[in-house]
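Structure file run.cif with mmCIF, C-alpha atoms:
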data_model
#
loop_
_atom_site.label_atom_id
_atom_site.label_comp_id
_atom_site.auth_asym_id
_atom_site.auth_seq_id
_atom_site.Cartn_x
_atom_site.Cartn_y
_atom_site.Cartn_z
CA MET A 29 -2.25 1.38 12.01
CA THR A 30 -3.15 -2.22 12.82
CA ILE A 31 -6.81 -1.47 12.10
CA ILE A 32 -6.06 -1.50 8.36
CA TYR A 33 -5.63 -5.27 8.63
CA LYS A 34 -9.02 -5.81 10.29
CA LYS A 35 -11.82 -7.17 8.12
CA TRP A 36 -14.99 -6.12 9.92
CA TRP A 37 -15.04 -2.48 8.79
CA LYS A 38 -14.27 -3.46 5.19
CA ILE A 39 -17.18 -5.90 5.19
CA LEU A 40 -19.41 -3.26 6.77
CA GLY A 41 -18.44 -0.71 4.13
CA THR A 42 -19.10 -3.17 1.31
CA VAL A 43 -22.51 -4.13 2.72
CA LEU A 44 -23.53 -0.49 3.18
CA VAL A 45 -22.49 0.50 -0.34
CA PHE A 46 -24.42 -2.43 -1.86
CA TYR A 47 -27.39 -1.47 0.30
CA THR A 48 -27.10 2.09 -1.02
CA LEU A 49 -26.96 0.94 -4.64
CA ILE A 50 -30.09 -1.18 -4.21
CA ALA A 51 -32.13 1.04 -1.90
CA GLY A 52 -31.00 4.21 -3.66
CA PHE A 53 -32.68 3.16 -6.89
CA LEU A 54 -35.63 1.15 -5.53
CA PHE A 55 -36.84 2.90 -2.38
CA LYS A 56 -39.49 5.59 -2.62
CA VAL A 57 -38.37 9.23 -2.77
CA PRO A 58 -40.35 12.49 -2.42
CA ALA A 59 -41.92 13.83 -5.61
CA LYS A 60 -40.28 17.24 -5.90
CA VAL A 61 -40.72 19.76 -8.70
CA ILE A 62 -37.63 20.04 -10.95
CA LEU A 63 -35.69 17.43 -8.93
CA ASN A 64 -38.01 14.53 -9.72
CA GLU A 65 -36.10 11.22 -9.72
CA SER A 66 -32.74 13.02 -9.80
CA ILE A 67 -33.16 13.48 -6.06
CA ARG A 68 -31.72 9.96 -5.75
CA ASN A 69 -28.33 11.42 -6.60
CA VAL A 70 -28.13 12.68 -3.02
CA TYR A 71 -27.26 9.09 -2.05
CA PHE A 72 -24.11 9.28 -4.18
CA HIS A 73 -23.09 12.91 -4.69
CA VAL A 74 -23.03 13.96 -1.03
CA PRO A 75 -21.52 10.74 0.45
CA VAL A 76 -18.53 10.80 -1.93
CA TRP A 77 -17.86 14.39 -0.80
CA PHE A 78 -17.95 13.18 2.80
CA ALA A 79 -15.50 10.43 1.86
CA MET A 80 -13.22 12.97 0.21
CA LEU A 81 -13.29 15.21 3.29
CA ALA A 82 -12.53 12.25 5.55
CA LEU A 83 -9.53 11.27 3.45
CA PHE A 84 -8.15 14.80 3.30
CA GLY A 85 -8.63 15.10 7.06
CA ILE A 86 -6.70 11.85 7.56
CA SER A 87 -3.94 13.14 5.32
CA VAL A 88 -3.58 16.31 7.39
CA TYR A 89 -3.40 14.27 10.60
CA TYR A 90 -0.58 12.13 9.23
CA SER A 91 1.21 15.14 7.72
CA ILE A 92 1.33 16.63 11.21
CA LYS A 93 2.58 13.31 12.60
CA TYR A 94 5.30 13.22 9.96
CA LEU A 95 6.52 16.73 10.85
CA ARG A 96 6.71 15.68 14.50
CA THR A 97 8.47 12.35 13.96
CA ASN A 98 10.06 12.36 10.47
CA ASN A 99 8.65 8.85 10.06
CA GLU A 100 8.36 8.28 6.30
CA THR A 101 5.45 5.87 6.86
CA TYR A 102 3.28 8.80 7.94
CA ASP A 103 4.21 10.72 4.80
CA LEU A 104 3.22 7.71 2.73
CA VAL A 105 -0.15 7.46 4.48
CA ALA A 106 -0.76 11.18 3.90
CA VAL A 107 0.01 11.09 0.18
CA GLU A 108 -2.06 7.97 -0.49
CA ALA A 109 -4.98 9.47 1.43
CA ILE A 110 -4.76 12.50 -0.85
CA ASN A 111 -4.42 10.37 -4.00
CA THR A 112 -7.58 8.50 -3.06
CA GLY A 113 -9.28 11.70 -1.91
CA ILE A 114 -8.69 13.28 -5.32
CA LEU A 115 -10.35 10.27 -6.93
CA PHE A 116 -13.44 10.80 -4.78
CA TYR A 117 -13.22 14.53 -5.44
CA ILE A 118 -13.58 13.73 -9.15
CA PHE A 119 -16.58 11.50 -8.37
CA GLY A 120 -18.12 14.41 -6.46
CA LEU A 121 -17.55 16.86 -9.30
CA VAL A 122 -18.91 14.49 -11.94
CA THR A 123 -22.05 13.52 -9.99
CA GLY A 124 -22.60 17.20 -9.21
CA MET A 125 -22.32 18.14 -12.88
CA LEU A 126 -24.75 15.41 -13.87
CA TRP A 127 -27.22 16.63 -11.26
CA ALA A 128 -26.76 20.24 -12.34
CA LYS A 129 -27.48 19.25 -15.95
CA PHE A 130 -30.94 18.00 -15.00
CA THR A 131 -31.84 20.64 -12.39
CA TRP A 132 -30.01 23.83 -13.43
CA GLY A 133 -30.08 23.24 -17.18
CA GLU A 134 -26.33 22.85 -17.77
CA ALA A 135 -23.52 20.81 -16.25
CA TRP A 136 -21.34 23.84 -15.46
CA SER A 137 -23.14 27.14 -14.95
CA GLY A 138 -20.39 29.07 -13.20
CA ASP A 139 -22.19 28.79 -9.88
CA PRO A 140 -19.99 30.02 -6.97
CA LYS A 141 -20.07 26.56 -5.39
CA GLN A 142 -18.87 24.93 -8.61
CA ASN A 143 -16.15 27.51 -9.16
CA SER A 144 -14.91 27.21 -5.58
CA ALA A 145 -14.87 23.41 -5.87
CA ALA A 146 -12.82 23.67 -9.06
CA ILE A 147 -10.28 25.98 -7.41
CA ALA A 148 -9.96 23.67 -4.39
CA PHE A 149 -9.48 20.72 -6.74
CA LEU A 150 -6.63 22.52 -8.50
CA ILE A 151 -5.00 23.24 -5.13
CA TYR A 152 -4.79 19.52 -4.42
CA CYS A 153 -3.62 18.77 -7.95
CA ALA A 154 -0.83 21.28 -7.28
CA TYR A 155 0.10 19.18 -4.24
CA LEU A 156 0.82 16.22 -6.51
CA VAL A 157 2.79 18.42 -8.91
CA LEU A 158 4.80 19.74 -5.96
CA ARG A 159 5.68 16.24 -4.80
CA SER A 160 6.81 15.18 -8.25
CA SER A 161 9.02 18.27 -8.63
CA VAL A 162 11.15 17.64 -5.50
CA GLU A 163 13.63 14.78 -5.81
CA GLU A 164 15.11 14.54 -2.30
CA ASP A 165 12.85 12.33 -0.15
CA GLN A 166 12.89 14.14 3.19
CA LYS A 167 12.68 17.59 1.63
CA ARG A 168 9.75 16.45 -0.52
CA ALA A 169 7.95 14.97 2.47
CA LYS A 170 8.39 18.08 4.64
CA ILE A 171 7.35 20.56 1.94
CA SER A 172 4.37 18.39 1.02
CA ALA A 173 3.28 18.06 4.64
CA ILE A 174 3.40 21.82 5.21
CA TYR A 175 1.53 22.47 1.96
CA ASN A 176 -1.10 19.89 2.88
CA ILE A 177 -1.70 21.39 6.31
CA PHE A 178 -2.43 24.79 4.75
CA ALA A 179 -4.38 23.40 1.78
CA PHE A 180 -7.04 21.73 3.92
CA PRO A 181 -8.43 24.86 5.66
CA ILE A 182 -8.27 26.74 2.35
CA MET A 183 -10.41 24.01 0.80
CA ILE A 184 -12.89 24.24 3.68
CA VAL A 185 -13.20 28.00 3.15
CA LEU A 186 -13.66 27.58 -0.60
CA LEU A 187 -16.28 24.85 -0.30
CA PHE A 188 -18.27 25.87 2.77
CA VAL A 189 -17.65 29.53 3.56
CA LEU A 190 -17.25 31.64 0.42
CA PRO A 191 -20.29 30.17 -1.44
CA ARG A 192 -22.48 31.18 1.51
CA LEU A 193 -21.48 34.82 1.10
CA THR A 194 -22.97 35.20 -2.39
CA ASP A 195 -25.96 34.08 -4.44
CA SER A 196 -25.84 30.39 -5.30
CA LEU A 197 -28.18 27.79 -6.72
CA HIS A 198 -26.55 25.09 -4.64
CA PRO A 199 -28.53 24.00 -1.54
CA GLY A 200 -27.15 25.41 1.69
CA ASN A 201 -25.41 28.36 0.06
CA GLY A 202 -26.21 31.99 -0.73
CA GLY A 203 -29.48 32.01 1.19
CA ASN A 204 -30.64 28.80 -0.50
CA PRO A 205 -31.76 26.40 2.27
CA ALA A 206 -29.85 23.18 2.77
CA PHE A 207 -31.18 20.25 0.77
CA GLY A 208 -32.07 18.04 3.72
CA LYS A 209 -33.97 20.74 5.56
CA TYR A 210 -37.05 20.54 3.35
CA ASP A 211 -36.56 17.74 0.82
CA MET A 212 -35.13 14.78 2.73
CA ASN A 213 -37.73 12.78 4.63
CA SER A 214 -37.26 9.87 7.02
CA GLU A 215 -37.42 7.34 4.17
CA MET A 216 -34.45 9.00 2.49
CA ARG A 217 -32.43 9.29 5.69
CA ILE A 218 -32.40 5.51 6.22
CA VAL A 219 -30.51 5.31 2.92
CA PHE A 220 -28.51 8.55 3.06
CA TRP A 221 -26.68 8.08 6.36
CA PRO A 222 -25.68 4.45 5.71
CA ALA A 223 -24.50 5.63 2.28
CA CYS A 224 -22.26 8.25 3.90
CA LEU A 225 -20.71 5.73 6.27
CA GLY A 226 -20.37 3.10 3.55
CA TRP A 227 -18.58 5.36 1.07
CA ILE A 228 -16.27 6.69 3.78
CA LEU A 229 -15.26 3.15 4.78
CA ILE A 230 -14.75 2.09 1.16
CA SER A 231 -12.65 5.18 0.45
CA VAL A 232 -10.45 4.49 3.48
CA TRP A 233 -10.12 0.87 2.39
CA ILE A 234 -8.93 1.98 -1.06
CA ALA A 235 -6.43 4.35 0.57
CA THR A 236 -5.06 1.54 2.78
CA LEU A 237 -4.66 -0.71 -0.25
CA ARG A 238 -2.74 2.02 -2.05
CA PHE A 239 -0.59 2.52 1.04
CA ARG A 240 0.23 -1.18 1.32
CA ILE A 241 1.08 -1.43 -2.39
CA ARG A 242 3.34 1.64 -2.20
CA SER A 243 5.02 0.25 0.93
CA LEU A 244 5.80 -3.02 -0.86
CA GLU A 245 7.15 -1.13 -3.87
CA ASN A 246 9.44 0.91 -1.62
CA LYS A 247 10.73 -2.23 0.10
CA ILE A 248 11.53 -3.79 -3.27
CA LEU A 249 13.37 -0.66 -4.43
CA ASP A 250 15.39 -0.53 -1.19
CA LYS A 251 16.74 -4.05 -1.72
#
Kindly return the structure encoded in the file as structure tokens.
Amino acid sequence: MTIIYKKWWKILGTVLVFYTLIAGFLFKVPAKVILNESIRNVYFHVPVWFAMLALFGISVYYSIKYLRTNNETYDLVAVEAINTGILFYIFGLVTGMLWAKFTWGEAWSGDPKQNSAAIAFLIYCAYLVLRSSVEEDQKRAKISAIYNIFAFPIMIVLLFVLPRLTDSLHPGNGGNPAFGKYDMNSEMRIVFWPACLGWILISVWIATLRFRIRSLENKILDK
């Protein structure tokens, strides 16, 4: 936990995100039919999904630690990781809808990938509703932890397994080749991978700030 107080990874994340914002709009990209300049969205849409997955993975890890130790700090880390992860989930949905508007003709076309993403999003929204509906602290933490542990693999199935079993316009699903396989050249990769790391670090930083704020609030309430 002491790593949250270190500065180097926060500085690195900030530098990488600023690099992404500059290089993402100024560096050369392949001239692809239909995609055109919208291909630059890969620097933002995909990395925020990676950040969301990282946060949800962290939340599962700390939910397991809570069930093993009953340490309320771990429950607090888990819930703030999910709160921040949902924020990045929204970013992912919005950037995906904007991209779909320019490439598929409409923001929401009922594509299996979009529908699965919406269902997974509602599952995590239900997690927050569940927490708010249970008043007793330990009971709320235990039920939430168990729910979270089961919600994560369900989300993985919805996002990465089911869309591959049917026709889909989304790259990497339903027989449609993954985006990077044919469209992402070396010039794009020098922006894409730093973008992924940068957004993950920034998302974790936001989660740690939320955790520290919530911890201070709890200390004040306990006095």
If we count all atoms listed in the file and set the cut-off at 10 Å, which residues sit around Tyr71 (chain A), ignoring sequence neighbours fewer than 3 positions away in its own chain? Please answer as a PDB file with C-alpha atoms, keeping the file's coordinate frame.
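As written to disk, part.pdb reads:
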ATOM      1  CA  VAL A  45     -22.490   0.500  -0.340  1.00  0.00           C
ATOM      2  CA  THR A  48     -27.100   2.090  -1.020  1.00  0.00           C
ATOM      3  CA  LEU A  49     -26.960   0.940  -4.640  1.00  0.00           C
ATOM      4  CA  ALA A  51     -32.130   1.040  -1.900  1.00  0.00           C
ATOM      5  CA  GLY A  52     -31.000   4.210  -3.660  1.00  0.00           C
ATOM      6  CA  PHE A  53     -32.680   3.160  -6.890  1.00  0.00           C
ATOM      7  CA  ILE A  67     -33.160  13.480  -6.060  1.00  0.00           C
ATOM      8  CA  ARG A  68     -31.720   9.960  -5.750  1.00  0.00           C
ATOM      9  CA  VAL A  74     -23.030  13.960  -1.030  1.00  0.00           C
ATOM     10  CA  PRO A  75     -21.520  10.740   0.450  1.00  0.00           C
ATOM     11  CA  VAL A  76     -18.530  10.800  -1.930  1.00  0.00           C
ATOM     12  CA  MET A 216     -34.450   9.000   2.490  1.00  0.00           C
ATOM     13  CA  ARG A 217     -32.430   9.290   5.690  1.00  0.00           C
ATOM     14  CA  VAL A 219     -30.510   5.310   2.920  1.00  0.00           C
ATOM     15  CA  PHE A 220     -28.510   8.550   3.060  1.00  0.00           C
ATOM     16  CA  TRP A 221     -26.680   8.080   6.360  1.00  0.00           C
ATOM     17  CA  PRO A 222     -25.680   4.450   5.710  1.00  0.00           C
ATOM     18  CA  ALA A 223     -24.500   5.630   2.280  1.00  0.00           C
ATOM     19  CA  CYS A 224     -22.260   8.250   3.900  1.00  0.00           C
ATOM     20  CA  TRP A 227     -18.580   5.360   1.070  1.00  0.00           C
TER      21      TRP A 227
END
What would the list of residues within 9 Å of (-37.6, 8.9, 4.2) (file frame) look like as a list in words, if all atoms listed in the file are what count? Phe55, Lys56, Val57, Pro58, Met212, Asn213, Ser214, Glu215, Met216, Arg217, Ile218 and Val219 of chain A
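The smallest atom-to-atom distance between Leu126 (chain A) and any of A:Arg192, A:Ile241, A:Phe46, A:Asn69, using only C-alpha atoms, is found for A:Asn69.
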Closest to Ile234 (chain A) among A:Leu150, A:Ile110, A:Ile50, A:Ala59, using all atoms listed in the file? A:Ile110
Given the choices A:Ser87, A:Phe116, A:Ser172, A:Val232, which gets closest to Trp37 (chain A) if the distance is worked out from only C-alpha atoms? A:Val232
Can you list, as JSON, numbers by chain, the residues that the PyMOL selection byres ((chain A and resi 145) around 10) selects here? {"A": [117, 120, 121, 139, 140, 141, 142, 143, 144, 146, 147, 148, 149, 150, 151, 183, 184, 186, 187, 188, 191]}
